[in-house]
Amino acid sequence: MQTMNEQYGKLVAPATVVIERLLPGPIEKVWAYLTESELRKTWLAAGDMDLRVGGAVELVFDHELLSEVKEETPEKYKDVCDSGAKMHGHILEVDAPNLLSYTWSEGEDGQSEVTFELAEMGDKVKLTLTQRKLFNEETLVGVAAGWHAHVAIMIDVLEGRPSRPFWSTHMPLEEKYRELLLS
């Protein structure tokens, strides 16, 4: 039987994917990795967040910083994921240290919404990550694989292990999510 951290995300409603993970605590530390630029850039992206409803969110991606292993950005992601690519959104909900939700710019298909819910479970923290409004099938697959890989890197960081490389983790996951979510 798979542990929570080995499970794939699930399509829970049309255009909505959910990934659940059990992270090393305490909850305040996980919250800091979601909200503080210097910590968030170790697993996802740097950038400022104005932690109030309506506050601005900026994510500045640099996948090369996520691991000591250097990889080239796959061709299909070069325009949107090269170093310095930016995403802008706005805070929808914030209830520290349990809930953070903001809009996530997805280009031509409009803005989706990402929500991080944290719950203490002993010395661990359950993360429920939900992204809604993923109306394009390729975006749905890429986002599911992306969160799966990014959160795996966050677990590596929180556990003090060397981080796995992003792209060689992400790309095989895309194929698996295409199979799981679109079949």
# chains A, B, ... in the order shown; residues from 1 in each chain; ligands from 1

call {"tool": "residues_around", "arguments": {"residues": "Val143 (chain A)", "least_positions_apart": "3", "cutoff": "10 Å", "atoms": "only C-alpha atoms", "output": "list in words"}}
result
Val17, Glu106, Gln131, Leu134, Glu137, Glu138, Thr139, Leu140, Gly146, Trp147, His148, Ala149, His170, Glu174 and Tyr177 of chain A

call {"tool": "closest_atom_pairs", "arguments": {"of": "region 81-153 of chain A", "to": "region 56-68 of chain A", "cutoff": "12 Å", "atoms": "only C-alpha atoms", "output": "Markdown table"}}
result
| residue | atom | partner | partner_atom | distance |
| --- | --- | --- | --- | --- |
| A:Cys81 | CA | A:Phe61 | CA | 6.7 |
| A:Asp82 | CA | A:Asp62 | CA | 6.8 |
| A:Ser83 | CA | A:Asp62 | CA | 4.4 |
| A:Gly84 | CA | A:Phe61 | CA | 5.5 |
| A:Ala85 | CA | A:Phe61 | CA | 5.3 |
| A:Lys86 | CA | A:Val60 | CA | 4.6 |
| A:Met87 | CA | A:Leu59 | CA | 5.1 |
| A:His88 | CA | A:Glu58 | CA | 4.7 |
| A:Gly89 | CA | A:Val57 | CA | 4.9 |
| A:His90 | CA | A:Ala56 | CA | 4.6 |
| A:Ile91 | CA | A:Ala56 | CA | 6.4 |
| A:Leu92 | CA | A:Ala56 | CA | 9.9 |
| A:Glu93 | CA | A:Ala56 | CA | 12.0 |
| A:Leu100 | CA | A:Val57 | CA | 11.3 |
| A:Ser101 | CA | A:Val57 | CA | 10.4 |
| A:Tyr102 | CA | A:Val57 | CA | 7.6 |
| A:Thr103 | CA | A:Val57 | CA | 8.3 |
| A:Trp104 | CA | A:Val57 | CA | 8.8 |
| A:Ser105 | CA | A:Glu58 | CA | 10.2 |
| A:Val114 | CA | A:Val57 | CA | 11.7 |
| A:Gly146 | CA | A:His63 | CA | 11.2 |
| A:Ala149 | CA | A:Leu66 | CA | 10.7 |
| A:His150 | CA | A:Leu66 | CA | 8.9 |
| A:Val151 | CA | A:Leu66 | CA | 11.4 |
| A:Ala152 | CA | A:Leu66 | CA | 11.1 |
| A:Ile153 | CA | A:Leu66 | CA | 7.6 |

call {"tool": "residues_around", "arguments": {"residues": "Trp31 (chain A)", "least_positions_apart": "4", "cutoff": "9 Å", "atoms": "only C-alpha atoms", "output": "list in words"}}
result
Pro26, Ile27, Thr35, Glu36, Ala96, Pro97, Asn98, Leu99, Leu100 and Leu118 of chain A

call {"tool": "residues_around", "arguments": {"residues": "Leu34 (chain A)", "least_positions_apart": "6", "cutoff": "9 Å", "atoms": "only C-alpha atoms", "output": "count of residues only"}}
result
4

call {"tool": "closest_residue", "arguments": {"among": "A:Thr16, A:Ser183, A:Thr115, A:Thr3", "to": "Leu129 (chain A)", "atoms": "only C-alpha atoms"}}
result
A:Thr115

call {"tool": "atom_distance", "arguments": {"atom1": "CA of Arg161 (chain A)", "atom2": "CA of Lys78 (chain A)"}}
result
27.8 Å

call {"tool": "residues_around", "arguments": {"residues": "Val18 (chain A)", "least_positions_apart": "3", "cutoff": "8 Å", "atoms": "only C-alpha atoms", "output": "list in words"}}
result
Gly9, Lys10, Leu11, Val12, Thr128, Leu129, Thr130 and Gln131 of chain A

call {"tool": "write_last_selection", "arguments": {"atoms": "all heavy atoms", "output": "PDB file, in the first residue's frame"}}
result
ATOM      1  N   GLY A   9      -1.735  12.755  -7.382  1.00  0.00           N
ATOM      2  CA  GLY A   9      -2.846  13.671  -7.202  1.00  0.00           C
ATOM      3  C   GLY A   9      -4.086  13.108  -7.871  1.00  0.00           C
ATOM      4  O   GLY A   9      -4.005  12.203  -8.704  1.00  0.00           O
ATOM      5  N   LYS A  10      -5.225  13.679  -7.493  1.00  0.00           N
ATOM      6  CA  LYS A  10      -6.502  13.184  -8.019  1.00  0.00           C
ATOM      7  C   LYS A  10      -7.300  14.328  -8.628  1.00  0.00           C
ATOM      8  O   LYS A  10      -7.262  15.448  -8.147  1.00  0.00           O
ATOM      9  CB  LYS A  10      -7.316  12.567  -6.886  1.00  0.00           C
ATOM     10  CG  LYS A  10      -6.684  11.327  -6.300  1.00  0.00           C
ATOM     11  CD  LYS A  10      -7.550  10.773  -5.162  1.00  0.00           C
ATOM     12  CE  LYS A  10      -7.012   9.482  -4.629  1.00  0.00           C
ATOM     13  NZ  LYS A  10      -5.805   9.570  -3.862  1.00  0.00           N
ATOM     14  N   LEU A  11      -8.029  13.991  -9.674  1.00  0.00           N
ATOM     15  CA  LEU A  11      -8.992  14.903 -10.258  1.00  0.00           C
ATOM     16  C   LEU A  11     -10.254  14.761  -9.419  1.00  0.00           C
ATOM     17  O   LEU A  11     -10.880  13.701  -9.419  1.00  0.00           O
ATOM     18  CB  LEU A  11      -9.241  14.517 -11.718  1.00  0.00           C
ATOM     19  CG  LEU A  11      -9.972  15.505 -12.586  1.00  0.00           C
ATOM     20  CD1 LEU A  11      -9.197  16.813 -12.698  1.00  0.00           C
ATOM     21  CD2 LEU A  11     -10.185  14.915 -13.973  1.00  0.00           C
ATOM     22  N   VAL A  12     -10.604  15.794  -8.640  1.00  0.00           N
ATOM     23  CA  VAL A  12     -11.732  15.679  -7.705  1.00  0.00           C
ATOM     24  C   VAL A  12     -12.997  16.343  -8.225  1.00  0.00           C
ATOM     25  O   VAL A  12     -14.073  16.139  -7.678  1.00  0.00           O
ATOM     26  CB  VAL A  12     -11.373  16.246  -6.311  1.00  0.00           C
ATOM     27  CG1 VAL A  12     -10.255  15.426  -5.677  1.00  0.00           C
ATOM     28  CG2 VAL A  12     -11.009  17.711  -6.383  1.00  0.00           C
ATOM     29  N   THR A 128      -2.779  19.713   2.054  1.00  0.00           N
ATOM     30  CA  THR A 128      -3.738  19.453   0.987  1.00  0.00           C
ATOM     31  C   THR A 128      -3.615  20.615   0.019  1.00  0.00           C
ATOM     32  O   THR A 128      -3.920  21.758   0.369  1.00  0.00           O
ATOM     33  CB  THR A 128      -5.176  19.335   1.529  1.00  0.00           C
ATOM     34  OG1 THR A 128      -5.217  18.312   2.529  1.00  0.00           O
ATOM     35  CG2 THR A 128      -6.152  19.007   0.414  1.00  0.00           C
ATOM     36  N   LEU A 129      -3.116  20.325  -1.173  1.00  0.00           N
ATOM     37  CA  LEU A 129      -2.899  21.336  -2.196  1.00  0.00           C
ATOM     38  C   LEU A 129      -3.953  21.130  -3.277  1.00  0.00           C
ATOM     39  O   LEU A 129      -4.061  20.034  -3.834  1.00  0.00           O
ATOM     40  CB  LEU A 129      -1.490  21.155  -2.767  1.00  0.00           C
ATOM     41  CG  LEU A 129      -0.959  22.230  -3.693  1.00  0.00           C
ATOM     42  CD1 LEU A 129       0.556  22.162  -3.719  1.00  0.00           C
ATOM     43  CD2 LEU A 129      -1.511  22.146  -5.084  1.00  0.00           C
ATOM     44  N   THR A 130      -4.724  22.173  -3.538  1.00  0.00           N
ATOM     45  CA  THR A 130      -5.791  22.101  -4.534  1.00  0.00           C
ATOM     46  C   THR A 130      -5.579  23.198  -5.562  1.00  0.00           C
ATOM     47  O   THR A 130      -5.365  24.351  -5.194  1.00  0.00           O
ATOM     48  CB  THR A 130      -7.170  22.299  -3.872  1.00  0.00           C
ATOM     49  OG1 THR A 130      -7.326  21.356  -2.808  1.00  0.00           O
ATOM     50  CG2 THR A 130      -8.303  22.143  -4.876  1.00  0.00           C
ATOM     51  N   GLN A 131      -5.622  22.838  -6.838  1.00  0.00           N
ATOM     52  CA  GLN A 131      -5.605  23.865  -7.873  1.00  0.00           C
ATOM     53  C   GLN A 131      -6.862  23.684  -8.709  1.00  0.00           C
ATOM     54  O   GLN A 131      -7.159  22.594  -9.199  1.00  0.00           O
ATOM     55  CB  GLN A 131      -4.345  23.824  -8.739  1.00  0.00           C
ATOM     56  CG  GLN A 131      -4.270  25.063  -9.609  1.00  0.00           C
ATOM     57  CD  GLN A 131      -2.875  25.498  -9.976  1.00  0.00           C
ATOM     58  OE1 GLN A 131      -1.884  24.925  -9.537  1.00  0.00           O
ATOM     59  NE2 GLN A 131      -2.793  26.541 -10.781  1.00  0.00           N
TER      60      GLN A 131
END

call {"tool": "closest_residue", "arguments": {"among": "A:Leu158, A:Ala119, A:Ala13, A:Leu51", "to": "Leu181 (chain A)", "atoms": "only C-alpha atoms"}}
result
A:Ala13

call {"tool": "select_by_dssp", "arguments": {"residues": "region 4-182 of chain A", "states": "strand (DSSP E)", "output": "number ranges by chain"}}
result
A: 10-13, 16-24, 56-61, 85-95, 99-105, 111-121, 124-132

call {"tool": "closest_residue", "arguments": {"among": "A:Val94, A:Glu159, A:Thr73, A:Ala15", "to": "Met49 (chain A)", "atoms": "only C-alpha atoms"}}
result
A:Val94

call {"tool": "select_by_dssp", "arguments": {"residues": "chain A", "states": "helix (DSSP H, G or I)", "output": "NGL selection string"}}
result
:A and (4-6 or 27-35 or 37-40 or 63-66 or 75-81 or 107-109 or 137-158 or 166-182)

call {"tool": "atom_distance", "arguments": {"atom1": "CA of Glu71 (chain A)", "atom2": "CA of Tyr33 (chain A)"}}
result
23.7 Å

call {"tool": "atom_distance", "arguments": {"atom1": "CA of Arg164 (chain A)", "atom2": "CA of Lys133 (chain A)"}}
result
28.6 Å
